[in-house]
Each structure stands twice: as C-alpha cells, then as structure tokens.
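Asker: Input structure: model.txt, which contains compact mmCIF, C-alpha atoms.
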```txt
# COMPACT_ATOMS: atom_id res chain seq x y z
CA MET A 1 0.00 0.00 0.00
CA ASP A 2 1.05 3.59 -0.61
CA LEU A 3 1.92 5.68 2.42
CA ILE A 4 -0.74 8.37 2.85
CA PRO A 5 0.47 12.00 2.65
CA SER A 6 0.11 12.78 6.37
CA PHE A 7 2.42 9.88 7.20
CA SER A 8 4.96 11.07 4.64
CA VAL A 9 5.82 14.22 6.57
CA ASP A 10 8.99 13.89 8.67
CA HIS A 11 7.48 14.15 12.15
CA THR A 12 10.89 14.61 13.76
CA LEU A 13 11.02 18.10 12.19
CA ILE A 14 7.47 19.36 12.80
CA VAL A 15 7.02 22.23 15.23
CA PRO A 16 3.72 23.43 16.66
CA GLY A 17 1.86 25.45 14.07
CA ILE A 18 -0.79 25.63 11.36
CA PHE A 19 -0.03 23.62 8.22
CA THR A 20 -1.87 22.66 5.06
CA SER A 21 -2.07 18.89 5.13
CA ARG A 22 -3.99 18.38 1.88
CA THR A 23 -6.47 19.97 -0.52
CA ASP A 24 -9.14 17.86 -2.17
CA THR A 25 -11.59 18.50 -4.98
CA ILE A 26 -15.10 17.68 -3.84
CA GLY A 27 -17.82 18.11 -6.43
CA ASN A 28 -17.38 21.61 -7.88
CA GLY A 29 -15.41 22.89 -4.89
CA THR A 30 -12.42 22.17 -2.72
CA ALA A 31 -11.88 21.24 0.90
CA THR A 32 -8.62 21.80 2.71
CA THR A 33 -7.38 19.79 5.67
CA TYR A 34 -5.15 21.71 8.07
CA ASP A 35 -2.77 20.15 10.58
CA ILE A 36 -3.06 22.20 13.77
CA ARG A 37 -0.05 20.91 15.67
CA VAL A 38 -0.17 21.78 19.38
CA THR A 39 2.95 19.90 20.53
CA ARG A 40 6.16 18.68 18.90
CA PRO A 41 5.65 15.05 17.87
CA ASN A 42 7.92 12.54 19.58
CA ARG A 43 9.66 15.29 21.55
CA GLU A 44 6.96 16.56 23.87
CA PRO A 45 4.36 14.51 25.70
CA ALA A 46 1.09 14.00 23.89
CA VAL A 47 -1.81 16.16 25.01
CA ASP A 48 -3.70 14.63 27.95
CA VAL A 49 -6.62 12.59 26.56
CA ALA A 50 -9.30 14.25 28.71
CA ALA A 51 -7.91 17.72 27.95
CA MET A 52 -7.84 16.88 24.22
CA HIS A 53 -11.46 15.79 24.40
CA SER A 54 -12.41 19.04 26.13
CA LEU A 55 -10.48 21.09 23.58
CA GLU A 56 -12.31 19.25 20.82
CA HIS A 57 -15.69 20.24 22.29
CA LEU A 58 -14.70 23.82 23.16
CA ILE A 59 -13.02 24.73 19.90
CA ALA A 60 -15.53 22.92 17.68
CA THR A 61 -18.26 24.94 19.39
CA PHE A 62 -16.31 28.17 18.94
CA LEU A 63 -15.59 27.51 15.26
CA ARG A 64 -19.14 26.51 14.41
CA ASN A 65 -20.48 29.66 16.06
CA ASP A 66 -17.99 32.15 14.64
CA PRO A 67 -20.07 34.54 12.47
CA GLU A 68 -17.40 34.90 9.78
CA TRP A 69 -16.26 31.27 9.56
CA LYS A 70 -19.11 29.01 10.68
CA ASP A 71 -20.29 28.25 7.15
CA GLU A 72 -16.77 27.27 6.09
CA ILE A 73 -16.19 24.72 8.86
CA ILE A 74 -16.51 21.07 7.82
CA TYR A 75 -14.69 19.29 10.66
CA TRP A 76 -12.61 19.87 13.79
CA GLY A 77 -11.19 16.84 15.60
CA PRO A 78 -8.17 15.41 17.37
CA MET A 79 -5.29 13.53 15.79
CA GLY A 80 -4.92 9.96 16.94
CA CYS A 81 -1.38 10.70 18.13
CA LEU A 82 -2.75 13.42 20.45
CA THR A 83 -0.29 16.06 19.25
CA GLY A 84 -2.87 18.27 17.55
CA PHE A 85 -6.08 18.57 15.58
CA TYR A 86 -7.36 18.44 12.05
CA LEU A 87 -9.44 21.31 10.75
CA ILE A 88 -11.23 20.86 7.43
CA LEU A 89 -12.55 23.97 5.72
CA LYS A 90 -14.40 24.62 2.49
CA GLY A 91 -12.12 26.21 -0.09
CA SER A 92 -8.38 26.60 -0.07
CA ARG A 93 -6.53 29.22 1.92
CA PRO A 94 -2.94 29.46 3.03
CA PRO A 95 -2.45 28.73 6.75
CA ARG A 96 -1.69 32.39 7.51
CA GLU A 97 -5.28 33.25 6.55
CA ILE A 98 -6.70 31.08 9.32
CA TYR A 99 -4.13 32.18 11.93
CA ASP A 100 -6.39 34.81 13.54
CA LEU A 101 -9.34 32.41 13.67
CA LEU A 102 -7.29 29.76 15.45
CA LEU A 103 -5.63 32.21 17.79
CA ARG A 104 -9.08 33.49 18.80
CA ALA A 105 -10.38 29.92 19.15
CA PHE A 106 -7.59 28.83 21.49
CA ARG A 107 -7.81 32.08 23.47
CA SER A 108 -11.56 31.60 23.89
CA VAL A 109 -10.93 28.47 25.96
CA GLU A 110 -9.66 30.64 28.84
CA LYS A 111 -13.15 32.09 29.36
CA ALA A 112 -14.93 28.73 29.39
CA GLU A 113 -16.78 27.86 32.57
CA ASP A 114 -17.83 24.43 31.36
CA VAL A 115 -17.36 22.09 28.41
CA PRO A 116 -20.23 22.32 25.91
CA GLY A 117 -21.97 19.05 25.22
CA ALA A 118 -20.36 17.21 28.15
CA THR A 119 -23.49 15.30 29.11
CA ALA A 120 -24.48 11.68 28.67
CA GLN A 121 -27.06 12.77 26.09
CA ASN A 122 -24.56 14.78 24.00
CA CYS A 123 -21.24 12.96 24.28
CA GLY A 124 -20.05 9.39 23.91
CA ASN A 125 -17.66 9.66 26.85
CA TYR A 126 -18.99 12.62 28.83
CA LEU A 127 -17.01 11.82 31.98
CA MET A 128 -13.66 12.06 30.14
CA HIS A 129 -13.11 15.84 30.21
CA ASN A 130 -10.57 18.05 31.93
CA LEU A 131 -11.38 21.74 31.55
CA GLY A 132 -8.46 22.90 33.70
CA MET A 133 -5.88 21.07 31.59
CA ALA A 134 -7.66 22.13 28.37
CA LYS A 135 -7.24 25.74 29.48
CA TRP A 136 -3.56 25.15 30.18
CA TYR A 137 -2.87 23.61 26.75
CA ALA A 138 -4.94 26.26 24.97
CA ALA A 139 -3.13 29.13 26.73
CA ARG A 140 0.23 27.54 26.00
CA PHE A 141 -0.56 27.11 22.29
CA ALA A 142 -2.11 30.60 21.96
CA ALA A 143 0.99 32.18 23.53
CA TYR A 144 3.21 30.16 21.18
CA LEU A 145 1.20 31.27 18.13
CA ALA A 146 1.34 34.91 19.24
CA GLU A 147 5.10 34.76 19.88
CA ASN A 148 5.76 33.10 16.51
CA ALA A 149 3.31 35.01 14.28
CA GLU A 150 6.11 36.13 11.96
CA ASN A 151 7.95 32.80 11.95
CA PRO A 152 7.34 31.01 8.62
CA ALA A 153 8.18 27.66 10.25
CA ILE A 154 4.77 27.60 11.97
CA PHE A 155 2.99 27.80 8.59
CA GLU A 156 4.99 25.46 6.38
CA TYR A 157 5.80 21.81 6.85
CA PRO A 158 9.56 21.30 7.07
CA ARG A 159 10.89 20.64 3.58
CA LYS A 160 13.25 17.77 3.16
CA GLU A 161 13.41 15.52 0.18
CA ARG A 162 12.88 11.87 0.95
CA LEU A 163 15.24 9.78 -1.09
CA VAL A 164 14.17 6.20 -1.71
CA THR A 165 16.64 3.60 -2.93
CA GLU A 166 15.73 0.92 -5.43
CA ASP A 167 15.28 -1.55 -2.57
CA GLY A 168 12.85 0.79 -0.75
CA GLN A 169 15.09 2.29 1.96
CA HIS A 170 14.16 5.86 2.94
CA PHE A 171 16.79 8.58 3.48
CA TYR A 172 16.45 12.31 4.13
CA ASP A 173 18.79 14.95 2.74
CA SER A 174 20.41 17.39 5.14
```
Show me this structure written as structure tokens.

Answerer:
Amino acid sequence: MDLIPSFSVDHTLIVPGIFTSRTDTIGNGTATTYDIRVTRPNREPAVDVAAMHSLEHLIATFLRNDPEWKDEIIYWGPMGCLTGFYLILKGSRPPREIYDLLLRAFRSVEKAEDVPGATAQNCGNYLMHNLGMAKWYAARFAAYLAENAENPAIFEYPRKERLVTEDGQHFYDS
C-alpha cells in the first residue's frame, strides 16, 4: 500500500503550528485539511486525553459559532497521536489566513466555565473531560502562536526531500 500524505511528513522536524495537510476537490469545490499541531511530535508529551477531548468540544463549538467562519467549517477533531487537531474547511486558503481564527479559538478556551456538550445525552464519553488542563494547553498554544506570528516555520511543513533507494530504503537529505 502507498503511504498516505500525512504519514509522509517527517514528524521529527514538525514544530507546533498551522499547516496545510492536503487539498481535495469535492464536487465543484475544494476542501482543505489543516494540521493544527499543538505539541512537537515525539519530543513533547502527547496532550492529555481528557484535555484533548475538552479542547475538541470547546473549539468545535467556537468555530461553528464564529459569524465569519461558521459556514466554512466542515470538521474539527483530534489527531490519533494526540499532538494536535485536524481542521477541514471549504475552499483553499494558506495557513496564515486562518491564523487569527485559530488564535481566537484557542484564546476563547480561557473564558470557558464548562465544556459544551459534556453530558451523557450529547457525548459518547462525557465523563472524560478536563477543563483545567484544556485551558492550560490552549493558553500555551495561543501564547506560542502569538510569539511566533512572523515565523514562517509555523505555517509550512519542514521541507526535506525523501530519497528512496531501489530496494525501498528511505533517506532524508540534510
């Protein structure tokens, strides 16, 4: 089987940031998947599961209620590796164009008094939430985004060519 594009990125080089993962044609339009990386893969601990779940609820609610963006939102959800989220939007924009939206979304978590939809009727695992830790991770990521707003590394996947030998061994240039 072919390796899917998101597994072809060298995760040892990714820093927290906002990256275009892929753009797909759907019908007459496009949808873009963004990699919203909150921690450095394989170098920092993964985000706490309960905090990740709370961030999913809090930020999905924020995004789907934002007057300017709500009609563009297709999906917001956690990565299986617990180092970030995927955001899928209608259309195709460079990551810098969604920077302000995401900065506002992560900053909004600070004001939360509860986790939306954290009831047995609304959530498949309503007891697995941690608002305090969600606030900590959100504040940490928002501060990082603000400090690095002019750093192109938070908007572009690290570029290294993957060299593959005839027998299938993978090497990276330096």

Asker: Pick from A:Val109, A:Arg64, A:Asp35, A:Ala51: nearest to Met128 (chain A), with all atoms listed in the file counted?

Answerer: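 Selected residue with least distance to Met128 (chain A): A:Ala51.
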
Asker: Given the choices A:Ile74, A:Ala153, A:Ile14, A:Leu87, which gets closest to Glu56 (chain A) if the distance is worked out from all atoms listed in the file?

Answerer: A:Leu87

Asker: Could you work out how far CA of His57 (chain A) lies from CA of Glu110 (chain A), giving the answer in Å with one decimal?

Answerer: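 That distance, rounded to one decimal, is 13.7 Å.
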
Asker: How many Å lie between CA of Ile59 (chain A) and CA of Ile73 (chain A), rounded to one decimal?

Answerer: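 Going from CA of Ile59 (chain A) over to CA of Ile73 (chain A), I get 11.5 Å.
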
Asker: So which one's closest to Asp71 (chain A), A:Val47, A:Ile88, A:Ile4, A:Leu55? Using only C-alpha atoms, please.

Answerer: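 Using only C-alpha atoms, the shortest distance to Asp71 (chain A) belongs to A:Ile88.
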